[in-house]
Every structure is written in structure tokens, then in C-alpha cells.
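Q: Below are the C-alpha cells for one structure; questions will follow.
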Amino acid sequence: MSDQPQAGELTYTRVFDAPRELVFQCMTEPEHLTHFWGPAGVSTPRENITVDLRPGGAFEAVMVNDADGSSYEMHAVYVEISEPERLVWTDPGTGMTTTSTFTDLGGNRTEVRIHQVNVPEPFRSPEAQAGFVTSLDRCADYLSRLVSGEASR
Amino acid sequence: MTAAASRLDDMFIALADPTRRAIVARLARGDATVNELAAPFDMTLPGISKHLKVLERCGLITRTRSAQFRPCHLERAALDEVADWIAENQRIWSQRFDKLDQHLRGLQGMPGTAPPQHGEDIHE
């Protein structure tokens, strides 16, 4: 009932101008993932992506830094696939679980909410440090307040 | 796991507790003694001390050794490290979603996609 953030929870939300089914496909098909999975300056070639879309199936990617060729690996396992509204995978190495929720907003718009738990653990693996976690949401706001104006003395 | 990653891990665990976050928020306004920190909480001094030890162990706060008061001091650089990590990950998801947005536009033939290649026929 409480909407208080648990530390260790990260959320990230974005609204896309696209139907929910299409957004879901993009998040689950290597042909699509290769176009966006790496952040700026990082590529994820199609052949580097493994998607076995079933509970217990693999979700793996090797991302390559465009500048220096260094690579980051992600090894996750799907937990739940409820097309087109929910997708859950977990990283057995870190214990971190990522839930993607796809909400049809109507008018061809879809909200994607990424929710991740077990945040401290990801620091245990280099691939997680490469960024398979999101912002600490409200905790991030809180910290930024501390770090900026309010904390200065 | 690197020492830095382990420390960051410890800092996140330390910040996972609302009382400890409140202590950090209080110390952001200036150094304070254990008694001063305990005042707003319905908590014993040993209880507060336990929280302070967690914060101290991960490097978020330090305690000076002078006198019996040992005021607590927030280590801004350590807190910056946490904030930087969060910002970095926010940036990664943000860029990933920027790319996804472009990709979705391309799939649907919406504006905002890469311009057509020169020399190719453009069908009306």
C-alpha cells in the first residue's frame, strides 16, 4: 500500500509513441534489441544477443564500446513473459531482478516502466557495473538534493 | 569485485535504511553529536550508534576523535560517488530509451528517423 521507495529498488519510466505490442516486441527480439540496447557509444551486434523467450530461457548480450572495443556481458534468465504487458528477467550472478511493465495509454502510446530490485548486489559483477540498473528514482532525487544545494554549507 | 564497487555496495546498503538516510540528511546541514542526532528519533543512543557505525564503516561519515563528543561529519565525496553512480545508470537507460524511441519511429515511418539516403528513390 505504501508507495515509499525501498532502497534497493530502481525504477525508470518512459512513454513511447507506439502500440504496446510493438514496444514489447522491441524489448524481446534481437532484431530490435540490436538497435537500442547499448547506450550512446555502445553497440550490441545482433549476433551478440541471445533471447530464449520462455521462463528459464536465456537473455544474454555482449555490448561493445565503440571507442575502445571493450565489451560488457549480460547474462540473465527470463522469469515471466506475459505478452504484451509484463516481462521479468533475473541475473543469477547478481540476484537482480528486472521487471518491465508495458501499459497501453491509448492513442498509440505505451508507457514502459523498468523496475529493478536487489540493487546492492549488481555491484558484485563487472557487467552489472556496466549499467544494467536504472536510477534510484526518488532516492536519486533525494540524494541529488543532498549533493546539490541543501547539502552545501 | 573491485574495492570501489564493494564500497559502493556498502554505501547503498547503508542508505537502504530510512533512519540512516535521515541521519545523512541531518549531517548534510552540518556536523552533529550522537545526542543531537538521536533527538528527533524515538531511539536509544546505542540504537543510533549502531546506525552510525554502519555509516562510518562504508565511509559516508567520519567521527573526529577529539573530546568526548566525537561529532559526526558527512563525507560529501562518498555521497557524490553514490549520486554519480545513480546518474550514470539513469543516463544509460535514458540513452537506451532514446534509441528505442528512434527505432520505433523508424518502424512506423514516423518523422524523427534518419534522413533518406542520397541516391535512393523516395516514394511518395
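Chains: A, B, ... in order of the C-alpha cells. Residues: from 1 per chain. Ligands: from 1, in order shown.
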When you get a sec, could you note down which chain B residues fall within 10 Å of chain A, using only C-alpha atoms, as a PDB file with N, CA and C atoms, in the first residue's frame?
A:
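Result file is iface_28.pdb:
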ATOM      1  N   MET B   1      35.249  -8.667  -7.512  1.00  0.00           N
ATOM      2  CA  MET B   1      34.644  -7.341  -7.370  1.00  0.00           C
ATOM      3  C   MET B   1      35.698  -6.362  -6.876  1.00  0.00           C
ATOM      4  N   THR B   2      35.707  -5.196  -7.445  1.00  0.00           N
ATOM      5  CA  THR B   2      36.718  -4.222  -7.051  1.00  0.00           C
ATOM      6  C   THR B   2      36.377  -3.629  -5.683  1.00  0.00           C
ATOM      7  N   ALA B   4      36.286  -0.532  -4.954  1.00  0.00           N
ATOM      8  CA  ALA B   4      35.381   0.610  -5.132  1.00  0.00           C
ATOM      9  C   ALA B   4      33.933   0.133  -5.264  1.00  0.00           C
ATOM     10  N   ALA B   5      33.761  -0.961  -6.024  1.00  0.00           N
ATOM     11  CA  ALA B   5      32.407  -1.494  -6.210  1.00  0.00           C
ATOM     12  C   ALA B   5      31.860  -2.003  -4.884  1.00  0.00           C
ATOM     13  N   SER B   6      32.710  -2.640  -4.116  1.00  0.00           N
ATOM     14  CA  SER B   6      32.299  -3.164  -2.819  1.00  0.00           C
ATOM     15  C   SER B   6      31.886  -2.030  -1.880  1.00  0.00           C
ATOM     16  N   ARG B   7      32.633  -0.941  -1.946  1.00  0.00           N
ATOM     17  CA  ARG B   7      32.339   0.203  -1.091  1.00  0.00           C
ATOM     18  C   ARG B   7      31.010   0.843  -1.483  1.00  0.00           C
ATOM     19  N   LEU B   8      30.800   0.936  -2.789  1.00  0.00           N
ATOM     20  CA  LEU B   8      29.553   1.489  -3.291  1.00  0.00           C
ATOM     21  C   LEU B   8      28.391   0.611  -2.842  1.00  0.00           C
ATOM     22  N   ASP B   9      28.622  -0.685  -2.940  1.00  0.00           N
ATOM     23  CA  ASP B   9      27.650  -1.660  -2.472  1.00  0.00           C
ATOM     24  C   ASP B   9      27.298  -1.388  -1.011  1.00  0.00           C
ATOM     25  N   ASP B  10      28.326  -1.230  -0.189  1.00  0.00           N
ATOM     26  CA  ASP B  10      28.110  -0.977   1.238  1.00  0.00           C
ATOM     27  C   ASP B  10      27.367   0.346   1.468  1.00  0.00           C
ATOM     28  N   MET B  11      27.679   1.326   0.631  1.00  0.00           N
ATOM     29  CA  MET B  11      27.014   2.616   0.802  1.00  0.00           C
ATOM     30  C   MET B  11      25.522   2.514   0.472  1.00  0.00           C
ATOM     31  N   PHE B  12      25.203   1.734  -0.574  1.00  0.00           N
ATOM     32  CA  PHE B  12      23.791   1.553  -0.913  1.00  0.00           C
ATOM     33  C   PHE B  12      23.055   0.829   0.204  1.00  0.00           C
ATOM     34  N   ILE B  13      23.723  -0.169   0.766  1.00  0.00           N
ATOM     35  CA  ILE B  13      23.102  -0.901   1.869  1.00  0.00           C
ATOM     36  C   ILE B  13      22.884   0.053   3.048  1.00  0.00           C
ATOM     37  N   ALA B  14      23.885   0.881   3.309  1.00  0.00           N
ATOM     38  CA  ALA B  14      23.775   1.834   4.415  1.00  0.00           C
ATOM     39  C   ALA B  14      22.607   2.791   4.185  1.00  0.00           C
ATOM     40  N   LEU B  15      22.451   3.220   2.936  1.00  0.00           N
ATOM     41  CA  LEU B  15      21.392   4.184   2.614  1.00  0.00           C
ATOM     42  C   LEU B  15      20.026   3.515   2.443  1.00  0.00           C
ATOM     43  N   ALA B  16      20.012   2.192   2.565  1.00  0.00           N
ATOM     44  CA  ALA B  16      18.740   1.475   2.417  1.00  0.00           C
ATOM     45  C   ALA B  16      17.819   1.715   3.604  1.00  0.00           C
ATOM     46  N   ASP B  17      18.363   2.211   4.692  1.00  0.00           N
ATOM     47  CA  ASP B  17      17.575   2.363   5.916  1.00  0.00           C
ATOM     48  C   ASP B  17      17.095   3.807   6.090  1.00  0.00           C
ATOM     49  N   PRO B  18      15.800   3.991   6.347  1.00  0.00           N
ATOM     50  CA  PRO B  18      15.276   5.358   6.453  1.00  0.00           C
ATOM     51  C   PRO B  18      15.892   6.163   7.598  1.00  0.00           C
ATOM     52  N   ARG B  21      19.191   7.307   6.388  1.00  0.00           N
ATOM     53  CA  ARG B  21      19.052   8.397   5.411  1.00  0.00           C
ATOM     54  C   ARG B  21      18.735   9.704   6.127  1.00  0.00           C
ATOM     55  N   VAL B  24      21.894  11.044   7.532  1.00  0.00           N
ATOM     56  CA  VAL B  24      22.694  11.663   6.463  1.00  0.00           C
ATOM     57  C   VAL B  24      22.129  13.041   6.116  1.00  0.00           C
ATOM     58  N   ALA B  25      20.807  13.119   6.045  1.00  0.00           N
ATOM     59  CA  ALA B  25      20.177  14.407   5.721  1.00  0.00           C
ATOM     60  C   ALA B  25      20.496  15.446   6.799  1.00  0.00           C
ATOM     61  N   ARG B  26      20.464  15.016   8.047  1.00  0.00           N
ATOM     62  CA  ARG B  26      20.787  15.932   9.145  1.00  0.00           C
ATOM     63  C   ARG B  26      22.238  16.391   9.056  1.00  0.00           C
ATOM     64  N   LEU B  27      23.126  15.456   8.782  1.00  0.00           N
ATOM     65  CA  LEU B  27      24.554  15.791   8.719  1.00  0.00           C
ATOM     66  C   LEU B  27      24.897  16.648   7.504  1.00  0.00           C
ATOM     67  N   ALA B  28      24.031  16.591   6.494  1.00  0.00           N
ATOM     68  CA  ALA B  28      24.244  17.446   5.323  1.00  0.00           C
ATOM     69  C   ALA B  28      24.137  18.916   5.723  1.00  0.00           C
ATOM     70  N   ARG B  29      23.441  19.177   6.834  1.00  0.00           N
ATOM     71  CA  ARG B  29      23.306  20.563   7.302  1.00  0.00           C
ATOM     72  C   ARG B  29      24.451  20.967   8.228  1.00  0.00           C
ATOM     73  N   GLY B  30      25.263  19.989   8.614  1.00  0.00           N
ATOM     74  CA  GLY B  30      26.383  20.320   9.483  1.00  0.00           C
ATOM     75  C   GLY B  30      26.697  19.184  10.443  1.00  0.00           C
ATOM     76  N   LEU B  74      29.600  14.361   7.695  1.00  0.00           N
ATOM     77  CA  LEU B  74      29.225  13.714   6.440  1.00  0.00           C
ATOM     78  C   LEU B  74      30.346  13.855   5.422  1.00  0.00           C
ATOM     79  N   ARG B  76      31.107  14.252   2.008  1.00  0.00           N
ATOM     80  CA  ARG B  76      30.393  14.612   0.775  1.00  0.00           C
ATOM     81  C   ARG B  76      30.899  13.845  -0.436  1.00  0.00           C
ATOM     82  N   ALA B  77      32.200  13.597  -0.487  1.00  0.00           N
ATOM     83  CA  ALA B  77      32.776  12.921  -1.658  1.00  0.00           C
ATOM     84  C   ALA B  77      32.197  11.508  -1.794  1.00  0.00           C
ATOM     85  N   LEU B  79      29.262  10.509  -0.724  1.00  0.00           N
ATOM     86  CA  LEU B  79      27.868  10.643  -1.155  1.00  0.00           C
ATOM     87  C   LEU B  79      27.802  10.977  -2.651  1.00  0.00           C
ATOM     88  N   ASP B  80      28.763  11.793  -3.090  1.00  0.00           N
ATOM     89  CA  ASP B  80      28.842  12.122  -4.521  1.00  0.00           C
ATOM     90  C   ASP B  80      29.033  10.856  -5.351  1.00  0.00           C
ATOM     91  N   VAL B  82      27.951   7.887  -4.750  1.00  0.00           N
ATOM     92  CA  VAL B  82      26.658   7.211  -4.873  1.00  0.00           C
ATOM     93  C   VAL B  82      25.789   7.932  -5.901  1.00  0.00           C
ATOM     94  N   ALA B  83      25.736   9.246  -5.778  1.00  0.00           N
ATOM     95  CA  ALA B  83      24.900  10.034  -6.692  1.00  0.00           C
ATOM     96  C   ALA B  83      25.384   9.895  -8.136  1.00  0.00           C
ATOM     97  N   ASP B  84      26.705   9.855  -8.306  1.00  0.00           N
ATOM     98  CA  ASP B  84      27.275   9.707  -9.648  1.00  0.00           C
ATOM     99  C   ASP B  84      26.872   8.370 -10.259  1.00  0.00           C
ATOM    100  N   TRP B  85      26.907   7.338  -9.429  1.00  0.00           N
ATOM    101  CA  TRP B  85      26.547   6.010  -9.931  1.00  0.00           C
ATOM    102  C   TRP B  85      25.092   5.989 -10.396  1.00  0.00           C
ATOM    103  N   ILE B  86      24.245   6.584  -9.572  1.00  0.00           N
ATOM    104  CA  ILE B  86      22.827   6.628  -9.927  1.00  0.00           C
ATOM    105  C   ILE B  86      22.635   7.414 -11.226  1.00  0.00           C
ATOM    106  N   ALA B  87      23.307   8.546 -11.318  1.00  0.00           N
ATOM    107  CA  ALA B  87      23.170   9.386 -12.510  1.00  0.00           C
ATOM    108  C   ALA B  87      23.638   8.645 -13.753  1.00  0.00           C
ATOM    109  N   GLU B  88      24.721   7.889 -13.604  1.00  0.00           N
ATOM    110  CA  GLU B  88      25.275   7.139 -14.730  1.00  0.00           C
ATOM    111  C   GLU B  88      24.265   6.108 -15.241  1.00  0.00           C
ATOM    112  N   ASN B  89      23.623   5.431 -14.297  1.00  0.00           N
ATOM    113  CA  ASN B  89      22.665   4.407 -14.707  1.00  0.00           C
ATOM    114  C   ASN B  89      21.395   5.012 -15.272  1.00  0.00           C
ATOM    115  N   GLN B  90      21.028   6.158 -14.758  1.00  0.00           N
ATOM    116  CA  GLN B  90      19.894   6.882 -15.303  1.00  0.00           C
ATOM    117  C   GLN B  90      20.206   7.272 -16.757  1.00  0.00           C
ATOM    118  N   ARG B  91      21.446   7.690 -16.957  1.00  0.00           N
ATOM    119  CA  ARG B  91      21.890   8.091 -18.284  1.00  0.00           C
ATOM    120  C   ARG B  91      21.811   6.909 -19.259  1.00  0.00           C
ATOM    121  N   ILE B  92      22.247   5.749 -18.805  1.00  0.00           N
ATOM    122  CA  ILE B  92      22.245   4.570 -19.680  1.00  0.00           C
ATOM    123  C   ILE B  92      20.826   4.195 -20.109  1.00  0.00           C
ATOM    124  N   TRP B  93      19.902   4.159 -19.153  1.00  0.00           N
ATOM    125  CA  TRP B  93      18.519   3.817 -19.534  1.00  0.00           C
ATOM    126  C   TRP B  93      17.921   4.907 -20.405  1.00  0.00           C
ATOM    127  N   SER B  94      18.276   6.136 -20.093  1.00  0.00           N
ATOM    128  CA  SER B  94      17.752   7.250 -20.868  1.00  0.00           C
ATOM    129  C   SER B  94      18.212   7.156 -22.323  1.00  0.00           C
ATOM    130  N   GLN B  95      19.503   6.863 -22.514  1.00  0.00           N
ATOM    131  CA  GLN B  95      20.024   6.758 -23.877  1.00  0.00           C
ATOM    132  C   GLN B  95      19.467   5.533 -24.593  1.00  0.00           C
ATOM    133  N   ARG B  96      19.324   4.472 -23.847  1.00  0.00           N
ATOM    134  CA  ARG B  96      18.748   3.248 -24.421  1.00  0.00           C
ATOM    135  C   ARG B  96      17.329   3.532 -24.908  1.00  0.00           C
ATOM    136  N   PHE B  97      16.579   4.239 -24.104  1.00  0.00           N
ATOM    137  CA  PHE B  97      15.198   4.548 -24.483  1.00  0.00           C
ATOM    138  C   PHE B  97      15.123   5.600 -25.596  1.00  0.00           C
ATOM    139  N   ASP B  98      16.104   6.497 -25.624  1.00  0.00           N
ATOM    140  CA  ASP B  98      16.163   7.440 -26.749  1.00  0.00           C
ATOM    141  C   ASP B  98      16.314   6.659 -28.056  1.00  0.00           C
ATOM    142  N   LYS B  99      17.215   5.684 -28.018  1.00  0.00           N
ATOM    143  CA  LYS B  99      17.448   4.868 -29.213  1.00  0.00           C
ATOM    144  C   LYS B  99      16.205   4.050 -29.564  1.00  0.00           C
ATOM    145  N   LEU B 100      15.556   3.511 -28.550  1.00  0.00           N
ATOM    146  CA  LEU B 100      14.338   2.721 -28.790  1.00  0.00           C
ATOM    147  C   LEU B 100      13.262   3.607 -29.414  1.00  0.00           C
ATOM    148  N   ASP B 101      13.174   4.831 -28.928  1.00  0.00           N
ATOM    149  CA  ASP B 101      12.186   5.767 -29.468  1.00  0.00           C
ATOM    150  C   ASP B 101      12.436   5.996 -30.966  1.00  0.00           C
ATOM    151  N   GLN B 102      13.688   6.231 -31.312  1.00  0.00           N
ATOM    152  CA  GLN B 102      14.058   6.419 -32.720  1.00  0.00           C
ATOM    153  C   GLN B 102      13.715   5.167 -33.541  1.00  0.00           C
ATOM    154  N   HIS B 103      14.047   4.020 -32.968  1.00  0.00           N
ATOM    155  CA  HIS B 103      13.797   2.753 -33.655  1.00  0.00           C
ATOM    156  C   HIS B 103      12.303   2.562 -33.903  1.00  0.00           C
ATOM    157  N   LEU B 104      11.495   2.860 -32.904  1.00  0.00           N
ATOM    158  CA  LEU B 104      10.042   2.707 -33.039  1.00  0.00           C
ATOM    159  C   LEU B 104       9.488   3.662 -34.087  1.00  0.00           C
ATOM    160  N   ARG B 105      10.037   4.869 -34.116  1.00  0.00           N
ATOM    161  CA  ARG B 105       9.602   5.830 -35.133  1.00  0.00           C
ATOM    162  C   ARG B 105       9.939   5.323 -36.525  1.00  0.00           C
ATOM    163  N   LEU B 107      10.308   2.221 -37.456  1.00  0.00           N
ATOM    164  CA  LEU B 107       9.445   1.080 -37.776  1.00  0.00           C
ATOM    165  C   LEU B 107       8.077   1.534 -38.253  1.00  0.00           C
ATOM    166  N   GLN B 108       7.621   2.652 -37.710  1.00  0.00           N
ATOM    167  CA  GLN B 108       6.272   3.123 -38.016  1.00  0.00           C
ATOM    168  C   GLN B 108       6.260   4.207 -39.089  1.00  0.00           C
ATOM    169  N   MET B 110       7.502   7.138 -38.902  1.00  0.00           N
ATOM    170  CA  MET B 110       7.204   8.454 -38.336  1.00  0.00           C
ATOM    171  C   MET B 110       8.395   9.384 -38.495  1.00  0.00           C
TER     172      MET B 110
END
Q: Can you pull out every residue within 12 Å of range 43-49 of chain B, counting only C-alpha atoms, but drop anything in the same chain fewer than 3 positions away, and send it as number ranges by chain?
A: B: 19-20, 22-23, 33-40, 52-56, 63, 70, 72
Q: Pull C-alpha atoms from the residues just selected and write them as a PDB file, in the first residue's frame.
A:
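Output (result_16.pdb):
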ATOM      1  CA  THR B  19      16.819   6.241   9.819  1.00  0.00           C
ATOM      2  CA  ARG B  20      20.277   6.286   8.311  1.00  0.00           C
ATOM      3  CA  ALA B  22      17.596  10.829   7.939  1.00  0.00           C
ATOM      4  CA  ILE B  23      20.934  10.926   9.747  1.00  0.00           C
ATOM      5  CA  THR B  33      26.905  14.787  18.052  1.00  0.00           C
ATOM      6  CA  VAL B  34      25.280  11.446  18.702  1.00  0.00           C
ATOM      7  CA  ASN B  35      22.919  13.114  21.166  1.00  0.00           C
ATOM      8  CA  GLU B  36      21.872  15.690  18.608  1.00  0.00           C
ATOM      9  CA  LEU B  37      21.345  13.011  16.000  1.00  0.00           C
ATOM     10  CA  ALA B  38      19.295  10.875  18.369  1.00  0.00           C
ATOM     11  CA  ALA B  39      16.993  13.720  19.396  1.00  0.00           C
ATOM     12  CA  PRO B  40      14.468  13.522  16.502  1.00  0.00           C
ATOM     13  CA  LEU B  52      26.350   5.477  12.852  1.00  0.00           C
ATOM     14  CA  LYS B  53      28.746   2.528  12.790  1.00  0.00           C
ATOM     15  CA  VAL B  54      27.179   1.310   9.532  1.00  0.00           C
ATOM     16  CA  LEU B  55      27.532   4.763   8.013  1.00  0.00           C
ATOM     17  CA  GLU B  56      31.084   5.070   9.303  1.00  0.00           C
ATOM     18  CA  ARG B  63      33.845  10.924  13.550  1.00  0.00           C
ATOM     19  CA  ARG B  70      33.060  12.990  18.735  1.00  0.00           C
ATOM     20  CA  CYS B  72      29.806  13.113  13.161  1.00  0.00           C
TER      21      CYS B  72
END
Q: What is the distance, in Å and to one decimal place, between CA of Pro111 in chain B and CA of Asp104 in chain A?
A: 21.6 Å
Q: Could you jot down the CA of Asn108 in chain A to CA of Glu29 in chain A separation for me, Å, one decimal place?
A: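 Going from CA of Asn108 in chain A over to CA of Glu29 in chain A, I get 20.3 Å.
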Q: Please identify all polymer residues within 8 Å of Val64 in chain A, counting only C-alpha atoms, omitting same-chain residues fewer than 2 positions from it, and present them as a PyMOL selection string.
A: chain A and resi 42-44+62+66+69-72
Q: Selected residues, C-alpha atoms, written as a short mmCIF file (atom, residue, chain, number, x, y, z; two decimals), in the first residue's frame, please.
A:
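Saved the output as selection-v7.cif:
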data_model
loop_
_atom_site.label_atom_id
_atom_site.label_comp_id
_atom_site.auth_asym_id
_atom_site.auth_seq_id
_atom_site.Cartn_x
_atom_site.Cartn_y
_atom_site.Cartn_z
CA VAL A 42 27.95 1.26 -27.21
CA SER A 43 26.87 -1.26 -29.85
CA THR A 44 25.15 -4.58 -29.40
CA VAL A 62 27.58 -8.69 -25.24
CA ASP A 66 32.53 1.83 -29.98
CA GLY A 69 36.29 -2.10 -28.33
CA SER A 70 35.95 -3.15 -24.71
CA SER A 71 32.95 -5.37 -24.07
CA TYR A 72 30.39 -5.85 -21.32
#
Q: At what distance in Å, to one decimal, does CA of Glu47 in chain A lie from CA of Asn65 in chain A?
A: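 Result for CA of Asn65 in chain A versus CA of Glu47 in chain A: 15.5 Å, one decimal.
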Q: Could you pull out the alpha helix (DSSP H) residues of chain B, going by DSSP on the backbone, and write them as a PyMOL selection string?
A: chain B and resi 3-15+18-28+34-38+45-57+76-107
Q: From the DSSP assignment of the backbone, select every residue of chain B that is strand (DSSP E), and format the answer as a list in words.
A: Ile61, Thr62, Arg63, Cys72, His73 and Leu74 of chain B
Q: I need the residues from that last selection saved to file as a PDB file, in the first residue's frame (with N, CA and C atoms), if you can.
A:
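Writing done, so here's result15.pdb:
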ATOM      1  N   ILE B  61      30.271   8.656   6.658  1.00  0.00           N
ATOM      2  CA  ILE B  61      30.525   9.648   7.706  1.00  0.00           C
ATOM      3  C   ILE B  61      31.843   9.330   8.407  1.00  0.00           C
ATOM      4  N   THR B  62      32.387  10.351   9.023  1.00  0.00           N
ATOM      5  CA  THR B  62      33.574  10.153   9.864  1.00  0.00           C
ATOM      6  C   THR B  62      33.291  10.782  11.220  1.00  0.00           C
ATOM      7  N   ARG B  63      33.994  10.345  12.218  1.00  0.00           N
ATOM      8  CA  ARG B  63      33.845  10.924  13.550  1.00  0.00           C
ATOM      9  C   ARG B  63      35.201  11.391  14.034  1.00  0.00           C
ATOM     10  N   CYS B  72      29.837  13.854  14.424  1.00  0.00           N
ATOM     11  CA  CYS B  72      29.806  13.113  13.161  1.00  0.00           C
ATOM     12  C   CYS B  72      29.851  14.091  11.998  1.00  0.00           C
ATOM     13  N   HIS B  73      30.556  13.671  10.977  1.00  0.00           N
ATOM     14  CA  HIS B  73      30.760  14.533   9.822  1.00  0.00           C
ATOM     15  C   HIS B  73      30.411  13.760   8.544  1.00  0.00           C
ATOM     16  N   LEU B  74      29.600  14.361   7.695  1.00  0.00           N
ATOM     17  CA  LEU B  74      29.225  13.714   6.440  1.00  0.00           C
ATOM     18  C   LEU B  74      30.346  13.855   5.422  1.00  0.00           C
TER      19      LEU B  74
END
Q: Find the residues around Arg20 in chain A up to 9 Å (only C-alpha atoms counted), leave out those fewer than 4 positions away in its own chain, and share them as a PyMOL selection string.
A: chain A and resi 16+24-25+84-85+102-105+108-112
